[in-house]
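Working notes for the structure below.
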Amino acid sequence: MAEPNTRPLHDPYQLPAQGSYFKRLARSGAPLNLLYAPALVLFVVFIFYPFLRGVQISFTNWDGYNQDFKWIGVSNYARMLDDPDMATVFKNTFVYGIGSTILQNVIGLLYALLLHTNIRLRGVARTVIYLPVIISALIMGYIWYFFFQYDGGAINDILLLFRDQPSNLLGDPKANVWVITFVNTFQYLGIAMVLFLAGLQSIPKEYYEAATIDGAGPIARFFRVTWPLLAPSFTVSMVLNLIGGLKLFDVITAMTNSGPGYASASLSTMMYLLYFGREDAGYAAAIGVLMFVLISVVSISALILLRRREVTS
Amino acid sequence: MTVRSKTLWLALAAALICLLHLLPFYILITTSFKASGDLSSKWVMPGYLYLDNFVNAWREARLPVAFRNNIIVTALSVLLIVLTGSVAAYPLARRQTGWNKFMYALFVSALIVPPLTILVPLYKYMVDIGGMNTYWGIVLLHVTFNLPMTIFLYTGFIGTIPRDLDEASMIDGADRLGLFYRILLPLLKPITATVVILTGVAVWNDYQFSVFFLQKQELRTFTVALSSFFGSYTNEIGWVAAGSLIGALPMVAVYLFLQRYFITGLSSGAVKG
């Protein structure tokens with residue numbers, strides 16, 4: 001047998017070919033494919049076509065409004081290499097993507113391990129930790145803004161008890177990227193936690209019992225049993241968080257609006273500012289294409305690498 | 001350390017984590033109930049009842065209109081997502097020809113494409129086809145970009161329903177479409193609940209699409225309304241806090257009532273994939 005998921009040997013759908021062309025077509029089940037036609041139309045109209053147009057626009061100096069524009073070849077892409085703002089944007093995007101992925105998975109795993117035990121407050125803690133996931137990222141950004149704002153922010157109220165100067169965390173180009181990474185982590189670490197909890201629940205108790213009989217302590221049990229068997233949850237969680245972090249938009253808009261200057265901009269917010277703020281549509285489209293390539297390459301290679309270490313239990 | 005004291009410490013850690021995670025909401029509440037002249041710290045709960053922030057936010061940010069738009073856009077989007085997604089998954093799960101396997105890969109691979117990467121062409125395109133500032137424009141965008149996840153979930157779920165069931169009813173004379181509606185559709189209830197919740201939350205909270213495609217004031221959803229409100233009243237932090245609190249409440253209420261579905265939905269969908 002070729003694949004486990006193929007049709008059975010005596011397939012009732014595959015009746016002998018006879019009758020007119022239309023009858024045969026109907027019997028083959030091909031008209032059934034019409035059921036995904038609406039979805040396919042939407043994909044072509046709102047994803048494939050705009051994507052190709054985007055590639056096309058990225059080779060022009062279009063300003064977003066004017067009818068006449070010139071083909072300028074790869075100039076927009078070459079421009080990125082010399083643009084000092086883009087260097088910052090790339091660095092920020094990687095901090096948002098990789099920084100929050102690491103933080104969310106480490107903290108999410110620790111929380112899952114804690115809340116997998118049979119303790120009080122287990123249910124409440126899960127509910128509370130997951131809560132921000134269902135709240136708009138824009139609103140969570142505002143809520144954290146009340147903490148980090150310069151004038152009367154909740155964090156400065158505490159800092160001022162110990163020193164004279166408030167700290168301007170959101171205005172500091174070195175700090176605000178990490179503040180935003182922290183806020184994004186806080187919001188979505190519930191997803192990592194839930195994925196790890198589901199993974200932990202799927203590990204048979206007998207494995208731990210067997211490991212204990214073989215003399216494995218808690219640390220050995222974690223690295224020999226839990227860690228390898230959590231690999232599937234880990235894969236999904238890593239890839240979801242990577243995509244989420246690399247395309248970050250709402251939180252940045254809410255907390256710093258990419259500022260000061262472009263100091264906290266990501267590829268998404270930079271593209272938005274270039275298009276609507278500086279009427280630099282060709283350049284913005286080129287950033288979009290690059291972002292597409294970057295996110296595809298990063299998430300697909302992460303998927304392949306992580307899948308490789310999954311074991312079947 | 002005895003087992004008892006160990007669980008006690010762990011419970012203490014869990015309590016601490018809960019408190020830490022509730023802090024932002026505590027600050028949100030103190031800020032939104034504080035009078036604008038009150039310069040006390042955000043950590044201090046105001047000792048009086050003051051609702052003007054809510055009244056002002058409700059009126060100035062035009063939240064009633066925003067909520068109406070949210071309800072219309074979310075309801076239409078989710079309905080269309082479920083309809084197009086469930087029927088599309090049926091041939092992809094049951095008729096696995098080489099072509100259909102390719103189509104499935106194509107649909108699902110769009111999961112990793114962030115919609116924002118095609119913002120520039122999409123914006124121009126929406127202007128050209130007259131989809132700007134319309135319900136249908138934003139709804140079709142939401143449907144398209146939520147379909148990959150939906151098709152992924154439905155195809156996976158239909159794959160777990162035994163084929164014997166199809167065969168039995170085929171022998172009873174049902175044609176394949178009738179089969180889908182009468183036999184399969186009722187069985188799809190659990191996965192439909194998951195899809196409704198996942199896509200409903202995503203559409204309800206959306207900002208990155210709505211801010212571009214719903215710019216007219218009468219059509220703004222609450223995230224767009226709040227962000228323009230925040231832009232004009234940066235100094236009235238109490239109003240912004242009250243607006244944020246009102247904006248967050250509906251989803252929090254739904255979440256607290258349907259928690260179980262939220263969490264099982266997410267993990268069943270993701271881990272099996």
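The chains in the structure tokens are called A, B, ... from first to last as shown; in each chain the residues are counted from 1, and the ligands are counted from 1 in the order shown.
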- Non-local contacts of Leu103 of chain A (9 Å; only C-alpha atoms; under 4 positions in same chain excluded) as a ChimeraX atom specification: /A:98-99,107-108,181-182,185,189
- Give me, as a PyMOL selection string, the contact residues of chain B against chain A at a cut-off of 6 Å, counting only C-alpha atoms. chain B and resi 11+18+42+87-88+91+117-118+120-122+144+205+244+248+267+271
Please produce a file of the residues just selected, as an mmCIF file, in the first residue's frame, where the atoms kept are all heavy atoms.
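Result file again_3.cif:
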data_model
loop_
_atom_site.group_PDB
_atom_site.id
_atom_site.type_symbol
_atom_site.label_atom_id
_atom_site.label_comp_id
_atom_site.auth_asym_id
_atom_site.auth_seq_id
_atom_site.Cartn_x
_atom_site.Cartn_y
_atom_site.Cartn_z
ATOM 1 N N ALA B 11 1.345 25.719 44.748
ATOM 2 C CA ALA B 11 0.096 26.480 44.716
ATOM 3 C C ALA B 11 0.382 27.953 44.968
ATOM 4 O O ALA B 11 -0.232 28.838 44.364
ATOM 5 C CB ALA B 11 -0.882 25.941 45.762
ATOM 6 N N CYS B 18 -0.872 34.244 39.039
ATOM 7 C CA CYS B 18 -2.203 34.801 38.784
ATOM 8 C C CYS B 18 -2.210 36.294 39.079
ATOM 9 O O CYS B 18 -2.685 37.091 38.273
ATOM 10 C CB CYS B 18 -3.251 34.140 39.670
ATOM 11 S SG CYS B 18 -3.759 32.553 39.096
ATOM 12 N N LYS B 42 -1.621 55.467 39.672
ATOM 13 C CA LYS B 42 -2.517 54.479 39.076
ATOM 14 C C LYS B 42 -2.689 53.257 39.969
ATOM 15 O O LYS B 42 -3.612 52.477 39.788
ATOM 16 C CB LYS B 42 -1.968 54.031 37.714
ATOM 17 C CG LYS B 42 -2.048 55.102 36.644
ATOM 18 C CD LYS B 42 -1.769 54.494 35.283
ATOM 19 C CE LYS B 42 -2.098 55.458 34.154
ATOM 20 N NZ LYS B 42 -1.307 56.693 34.190
ATOM 21 N N VAL B 87 -17.613 23.214 3.187
ATOM 22 C CA VAL B 87 -17.850 22.517 1.923
ATOM 23 C C VAL B 87 -16.535 22.306 1.152
ATOM 24 O O VAL B 87 -16.343 21.284 0.505
ATOM 25 C CB VAL B 87 -18.887 23.222 1.012
ATOM 26 C CG1 VAL B 87 -20.240 23.276 1.681
ATOM 27 C CG2 VAL B 87 -18.432 24.600 0.603
ATOM 28 N N ALA B 88 -15.615 23.266 1.267
ATOM 29 C CA ALA B 88 -14.342 23.119 0.550
ATOM 30 C C ALA B 88 -13.553 21.933 1.097
ATOM 31 O O ALA B 88 -12.857 21.238 0.355
ATOM 32 C CB ALA B 88 -13.519 24.401 0.678
ATOM 33 N N PRO B 91 -14.438 17.669 -0.377
ATOM 34 C CA PRO B 91 -13.680 16.961 -1.429
ATOM 35 C C PRO B 91 -12.198 16.812 -1.078
ATOM 36 O O PRO B 91 -11.580 15.808 -1.446
ATOM 37 C CB PRO B 91 -13.870 17.837 -2.673
ATOM 38 C CG PRO B 91 -14.322 19.152 -2.171
ATOM 39 C CD PRO B 91 -15.047 18.912 -0.895
ATOM 40 N N THR B 117 1.619 41.557 4.237
ATOM 41 C CA THR B 117 2.678 41.616 3.235
ATOM 42 C C THR B 117 2.144 42.087 1.889
ATOM 43 O O THR B 117 2.879 42.616 1.083
ATOM 44 C CB THR B 117 3.365 40.251 3.028
ATOM 45 O OG1 THR B 117 2.374 39.314 2.618
ATOM 46 C CG2 THR B 117 4.039 39.764 4.277
ATOM 47 N N ILE B 118 0.828 41.886 1.644
ATOM 48 C CA ILE B 118 0.286 42.348 0.366
ATOM 49 C C ILE B 118 -0.576 43.583 0.562
ATOM 50 O O ILE B 118 -1.451 43.880 -0.246
ATOM 51 C CB ILE B 118 -0.500 41.231 -0.367
ATOM 52 C CG1 ILE B 118 -1.588 40.666 0.537
ATOM 53 C CG2 ILE B 118 0.424 40.132 -0.836
ATOM 54 C CD1 ILE B 118 -2.530 39.733 -0.209
ATOM 55 N N VAL B 120 -0.033 46.842 0.164
ATOM 56 C CA VAL B 120 -0.011 47.887 -0.866
ATOM 57 C C VAL B 120 -0.898 47.510 -2.067
ATOM 58 O O VAL B 120 -1.828 48.251 -2.402
ATOM 59 C CB VAL B 120 1.439 48.197 -1.313
ATOM 60 C CG1 VAL B 120 1.433 49.235 -2.426
ATOM 61 C CG2 VAL B 120 2.263 48.680 -0.140
ATOM 62 N N PRO B 121 -0.662 46.353 -2.702
ATOM 63 C CA PRO B 121 -1.523 45.998 -3.833
ATOM 64 C C PRO B 121 -2.971 45.790 -3.424
ATOM 65 O O PRO B 121 -3.889 46.150 -4.172
ATOM 66 C CB PRO B 121 -0.912 44.701 -4.359
ATOM 67 C CG PRO B 121 -0.083 44.176 -3.249
ATOM 68 C CD PRO B 121 0.395 45.365 -2.488
ATOM 69 N N LEU B 122 -3.185 45.219 -2.239
ATOM 70 C CA LEU B 122 -4.549 44.932 -1.795
ATOM 71 C C LEU B 122 -5.326 46.231 -1.610
ATOM 72 O O LEU B 122 -6.494 46.325 -1.984
ATOM 73 C CB LEU B 122 -4.495 44.158 -0.473
ATOM 74 C CG LEU B 122 -5.728 43.363 -0.093
ATOM 75 C CD1 LEU B 122 -6.063 42.340 -1.152
ATOM 76 C CD2 LEU B 122 -5.507 42.667 1.247
ATOM 77 N N THR B 144 -11.429 35.361 3.352
ATOM 78 C CA THR B 144 -10.286 34.807 2.624
ATOM 79 C C THR B 144 -9.134 34.465 3.565
ATOM 80 O O THR B 144 -8.581 33.372 3.503
ATOM 81 C CB THR B 144 -9.781 35.816 1.580
ATOM 82 O OG1 THR B 144 -10.875 36.254 0.791
ATOM 83 C CG2 THR B 144 -8.733 35.185 0.690
ATOM 84 N N ASN B 205 -11.516 41.138 16.971
ATOM 85 C CA ASN B 205 -10.406 41.949 17.478
ATOM 86 C C ASN B 205 -9.544 42.572 16.390
ATOM 87 O O ASN B 205 -8.578 43.260 16.695
ATOM 88 C CB ASN B 205 -9.489 41.099 18.363
ATOM 89 C CG ASN B 205 -10.113 40.804 19.704
ATOM 90 O OD1 ASN B 205 -10.923 41.581 20.195
ATOM 91 N ND2 ASN B 205 -9.746 39.681 20.301
ATOM 92 N N SER B 244 -11.046 51.305 26.441
ATOM 93 C CA SER B 244 -10.409 49.989 26.307
ATOM 94 C C SER B 244 -11.157 48.935 27.115
ATOM 95 O O SER B 244 -11.340 47.803 26.667
ATOM 96 C CB SER B 244 -8.962 50.046 26.800
ATOM 97 O OG SER B 244 -8.239 50.994 26.062
ATOM 98 N N ALA B 248 -12.907 45.617 25.653
ATOM 99 C CA ALA B 248 -12.445 44.273 25.995
ATOM 100 C C ALA B 248 -13.561 43.420 26.594
ATOM 101 O O ALA B 248 -13.551 42.194 26.476
ATOM 102 C CB ALA B 248 -11.270 44.359 26.970
ATOM 103 N N SER B 267 -6.153 23.643 21.273
ATOM 104 C CA SER B 267 -5.154 22.584 21.356
ATOM 105 C C SER B 267 -5.474 21.431 20.423
ATOM 106 O O SER B 267 -4.582 20.853 19.823
ATOM 107 C CB SER B 267 -5.002 22.097 22.795
ATOM 108 O OG SER B 267 -6.249 21.925 23.386
ATOM 109 N N VAL B 271 -2.366 20.686 17.814
ATOM 110 C CA VAL B 271 -1.429 19.606 18.083
ATOM 111 C C VAL B 271 -1.562 18.469 17.077
ATOM 112 O O VAL B 271 -0.587 17.854 16.675
ATOM 113 C CB VAL B 271 -1.577 19.099 19.528
ATOM 114 C CG1 VAL B 271 -0.790 17.834 19.744
ATOM 115 C CG2 VAL B 271 -1.098 20.176 20.480
#
- Message: Quick check for you: according to DSSP on this backbone, which residues of segment 116-273 of chain A are classed as helix (DSSP H, G or I)? Reply as JSON, numbers by chain.
- Response: {"A": [116, 122, 123, 124, 125, 126, 127, 128, 129, 130, 131, 132, 133, 134, 137, 138, 139, 140, 141, 142, 143, 144, 145, 146, 147, 148, 154, 155, 156, 157, 158, 159, 160, 161, 162, 176, 177, 178, 179, 180, 181, 182, 183, 184, 185, 186, 187, 188, 189, 190, 191, 192, 193, 194, 195, 196, 197, 198, 199, 200, 201, 205, 206, 207, 208, 209, 210, 211, 212, 213, 218, 219, 220, 221, 222, 223, 224, 225, 226, 227, 228, 229, 231, 232, 233, 234, 235, 236, 237, 238, 239, 240, 241, 242, 243, 244, 245, 246, 250, 251, 252, 253, 254, 255, 267, 268, 269, 270, 271, 272, 273]}
Can you list every residue of segment 26-115 of chain B that has an atom at most 12 Å from segment 169-189 of chain B, with its nearest atom pair and the distance in Å to one decimal, using only C-alpha atoms, ordered by chain then number, as a tab-separated table?
residue	atom	partner	partner_atom	distance
B:Val82	CA	B:Leu188	CA	10.6
B:Leu83	CA	B:Leu185	CA	10.7
B:Gly85	CA	B:Leu188	CA	11.8
B:Ser86	CA	B:Leu185	CA	8.5
B:Val87	CA	B:Phe180	CA	8.4
B:Ala88	CA	B:Phe180	CA	11.4
B:Ala89	CA	B:Phe180	CA	10.9
B:Tyr90	CA	B:Phe180	CA	7.8
B:Pro91	CA	B:Phe180	CA	10.1
B:Ala93	CA	B:Phe180	CA	12.0
B:Arg94	CA	B:Arg176	CA	10.6
B:Arg95	CA	B:Arg176	CA	11.4
Write out the residues from the selection above, keeping all heavy atoms, as a CSV table (one decimal), in the first residue's frame.
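Full text of selection.csv as output:
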chain,number,residue,atom,x,y,z
B,82,VAL,N,-17.6,29.6,7.8
B,82,VAL,CA,-18.0,28.2,8.1
B,82,VAL,C,-18.6,27.6,6.8
B,82,VAL,O,-18.3,26.4,6.5
B,82,VAL,CB,-19.1,28.2,9.2
B,82,VAL,CG1,-19.8,26.9,9.3
B,82,VAL,CG2,-18.4,28.6,10.5
B,83,LEU,N,-19.4,28.4,6.1
B,83,LEU,CA,-20.1,27.8,4.8
B,83,LEU,C,-19.0,27.4,3.8
B,83,LEU,O,-18.9,26.3,3.4
B,83,LEU,CB,-21.0,28.8,4.2
B,83,LEU,CG,-22.4,28.9,4.9
B,83,LEU,CD1,-23.2,30.0,4.3
B,83,LEU,CD2,-23.1,27.6,4.9
B,85,GLY,N,-15.7,27.2,4.1
B,85,GLY,CA,-14.7,26.3,4.6
B,85,GLY,C,-15.1,24.9,4.7
B,85,GLY,O,-14.4,24.0,4.3
B,86,SER,N,-16.3,24.7,5.3
B,86,SER,CA,-16.7,23.3,5.5
B,86,SER,C,-17.0,22.6,4.2
B,86,SER,O,-16.6,21.4,4.0
B,86,SER,CB,-18.0,23.2,6.4
B,86,SER,OG,-19.0,23.9,5.7
B,87,VAL,N,-17.6,23.2,3.2
B,87,VAL,CA,-17.9,22.5,1.9
B,87,VAL,C,-16.5,22.3,1.2
B,87,VAL,O,-16.3,21.3,0.5
B,87,VAL,CB,-18.9,23.2,1.0
B,87,VAL,CG1,-20.2,23.3,1.7
B,87,VAL,CG2,-18.4,24.6,0.6
B,88,ALA,N,-15.6,23.3,1.3
B,88,ALA,CA,-14.3,23.1,0.5
B,88,ALA,C,-13.6,21.9,1.1
B,88,ALA,O,-12.9,21.2,0.4
B,88,ALA,CB,-13.5,24.4,0.7
B,89,ALA,N,-13.7,21.7,2.4
B,89,ALA,CA,-12.9,20.6,3.0
B,89,ALA,C,-13.4,19.2,2.6
B,89,ALA,O,-12.6,18.3,2.6
B,89,ALA,CB,-12.9,20.8,4.5
B,90,TYR,N,-14.7,19.1,2.2
B,90,TYR,CA,-15.2,17.8,2.0
B,90,TYR,C,-14.5,17.1,0.8
B,90,TYR,O,-14.0,16.0,1.0
B,90,TYR,CB,-16.7,18.0,1.7
B,90,TYR,CG,-17.5,16.7,1.4
B,90,TYR,CD1,-17.3,15.6,2.3
B,90,TYR,CD2,-18.3,16.6,0.3
B,90,TYR,CE1,-17.9,14.4,2.0
B,90,TYR,CE2,-18.9,15.4,0.1
B,90,TYR,CZ,-18.8,14.3,0.9
B,90,TYR,OH,-19.4,13.2,0.6
B,91,PRO,N,-14.4,17.7,-0.4
B,91,PRO,CA,-13.7,17.0,-1.4
B,91,PRO,C,-12.2,16.8,-1.1
B,91,PRO,O,-11.6,15.8,-1.4
B,91,PRO,CB,-13.9,17.8,-2.7
B,91,PRO,CG,-14.3,19.2,-2.2
B,91,PRO,CD,-15.0,18.9,-0.9
B,93,ALA,N,-10.9,16.2,1.7
B,93,ALA,CA,-10.7,15.1,2.7
B,93,ALA,C,-11.1,13.8,2.1
B,93,ALA,O,-10.5,12.7,2.4
B,93,ALA,CB,-11.5,15.3,4.0
B,94,ARG,N,-12.1,13.8,1.2
B,94,ARG,CA,-12.7,12.5,0.8
B,94,ARG,C,-12.3,12.0,-0.6
B,94,ARG,O,-12.4,10.9,-0.9
B,94,ARG,CB,-14.2,12.6,0.8
B,94,ARG,CG,-14.8,12.4,2.2
B,94,ARG,CD,-14.6,11.0,2.7
B,94,ARG,NE,-15.4,10.7,3.9
B,94,ARG,CZ,-15.0,10.6,5.1
B,94,ARG,NH1,-13.7,10.7,5.4
B,94,ARG,NH2,-15.8,10.3,6.1
B,95,ARG,N,-11.8,13.0,-1.4
B,95,ARG,CA,-11.5,12.6,-2.8
B,95,ARG,C,-10.0,13.0,-3.0
B,95,ARG,O,-9.7,14.0,-3.5
B,95,ARG,CB,-12.4,13.4,-3.7
B,95,ARG,CG,-12.6,12.6,-5.0
B,95,ARG,CD,-13.5,13.3,-5.9
B,95,ARG,NE,-13.3,12.8,-7.3
B,95,ARG,CZ,-12.4,13.3,-8.1
B,95,ARG,NH1,-11.8,14.4,-7.8
B,95,ARG,NH2,-12.2,12.8,-9.3
Neighbours of segment 207-224 of chain B within 8 Å (only C-alpha atoms; same-chain residues fewer than 2 positions away dropped), as a CSV table (one decimal) with C-alpha atoms, in the first residue's frame?
chain,number,residue,atom,x,y,z
A,136,SER,CA,-7.5,42.8,21.1
A,138,LEU,CA,-4.4,47.0,20.4
A,139,ILE,CA,-6.2,47.2,23.7
A,249,PHE,CA,1.8,45.4,14.1
A,250,ASP,CA,-0.9,46.2,16.6
B,63,LEU,CA,-18.7,53.1,20.6
B,65,VAL,CA,-21.8,52.6,16.2
B,66,ALA,CA,-18.5,50.7,16.5
B,67,PHE,CA,-20.1,47.8,18.2
B,69,ASN,CA,-20.3,47.4,13.0
B,70,ASN,CA,-18.3,44.8,14.9
B,116,LEU,CA,-0.1,42.6,5.7
B,123,TYR,CA,-5.3,48.5,-0.8
B,131,GLY,CA,-14.5,47.6,-1.7
B,132,MET,CA,-13.2,50.4,0.5
B,133,ASN,CA,-15.5,51.4,3.4
B,134,THR,CA,-18.0,48.7,2.7
B,135,TYR,CA,-19.1,45.8,4.8
B,137,GLY,CA,-15.1,44.4,1.2
B,138,ILE,CA,-13.9,43.8,4.8
B,205,ASN,CA,-10.4,41.9,17.5
B,226,LEU,CA,-10.4,53.4,19.8
B,227,SER,CA,-7.1,54.1,18.0
B,228,SER,CA,-8.4,57.3,16.5
B,247,GLY,CA,-13.9,47.3,24.2
Compile the contact shell of Arg308 of chain A as a PDB file with N, CA and C atoms, in the first residue's frame: residues with an atom at most 10 Å away, counting only C-alpha atoms, same-chain residues fewer than 5 positions apart removed.
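Written out: selection_24.pdb:
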ATOM      1  N   ALA A 231       7.818  17.293  21.681  1.00  0.00           N
ATOM      2  CA  ALA A 231       8.288  17.870  20.417  1.00  0.00           C
ATOM      3  C   ALA A 231       7.169  18.361  19.487  1.00  0.00           C
ATOM      4  N   THR A 235       6.891  22.176  18.171  1.00  0.00           N
ATOM      5  CA  THR A 235       6.926  22.595  16.768  1.00  0.00           C
ATOM      6  C   THR A 235       5.836  23.615  16.482  1.00  0.00           C
ATOM      7  N   ALA A 302      12.028  26.458  10.058  1.00  0.00           N
ATOM      8  CA  ALA A 302      11.802  26.079  11.456  1.00  0.00           C
ATOM      9  C   ALA A 302      10.941  24.827  11.523  1.00  0.00           C
ATOM     10  N   LEU A 303       9.902  24.785  10.678  1.00  0.00           N
ATOM     11  CA  LEU A 303       8.999  23.635  10.649  1.00  0.00           C
ATOM     12  C   LEU A 303       9.756  22.351  10.294  1.00  0.00           C
TER      13      LEU A 303
END
For Gly200 of chain B, please output as a PDB file with N, CA, C and O atoms, in the first residue's frame all residues within 8 Å (counting only C-alpha atoms; exclusion window: fewer than 5 positions along the same chain).
ATOM      1  N   THR B  74     -18.479  40.697  12.109  1.00  0.00           N
ATOM      2  CA  THR B  74     -18.104  39.395  12.665  1.00  0.00           C
ATOM      3  C   THR B  74     -19.127  38.325  12.289  1.00  0.00           C
ATOM      4  O   THR B  74     -18.748  37.226  11.861  1.00  0.00           O
ATOM      5  N   ALA B  75     -20.418  38.647  12.421  1.00  0.00           N
ATOM      6  CA  ALA B  75     -21.444  37.642  12.141  1.00  0.00           C
ATOM      7  C   ALA B  75     -21.377  37.200  10.677  1.00  0.00           C
ATOM      8  O   ALA B  75     -21.352  35.995  10.384  1.00  0.00           O
ATOM      9  N   VAL B  78     -18.019  35.172   9.963  1.00  0.00           N
ATOM     10  CA  VAL B  78     -17.988  33.822  10.522  1.00  0.00           C
ATOM     11  C   VAL B  78     -18.940  32.897   9.763  1.00  0.00           C
ATOM     12  O   VAL B  78     -18.593  31.758   9.441  1.00  0.00           O
ATOM     13  N   VAL B 195     -14.081  26.386  15.024  1.00  0.00           N
ATOM     14  CA  VAL B 195     -13.858  27.364  13.949  1.00  0.00           C
ATOM     15  C   VAL B 195     -14.547  28.684  14.278  1.00  0.00           C
ATOM     16  O   VAL B 195     -13.961  29.759  14.133  1.00  0.00           O
TER      17      VAL B 195
END
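Put simply, atom CA of Thr60 of chain A is 16.5 Å away from atom CA of Tyr125 of chain B.
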- atom CA of Thr93 of chain A and atom CA of Trp227 of chain A, how far apart in Å?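 Atom CA of Thr93 of chain A lies at a distance of 28.9 Å from atom CA of Trp227 of chain A.
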- Message: Please list as a count of residues only every residue within 6 Å of segment 162-177 of chain A, counting only C-alpha atoms and excluding residues in the same chain fewer than 5 positions away.
- Response: 4
- Message: Ranking B:Ser5, B:Ala110, B:Trp204, B:Ile246 by minimum distance to Phe145 of chain B and counting only C-alpha atoms, which one comes first?
- Response: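 When distances to Phe145 of chain B are compared using only C-alpha atoms, the smallest one comes from B:Ala110.
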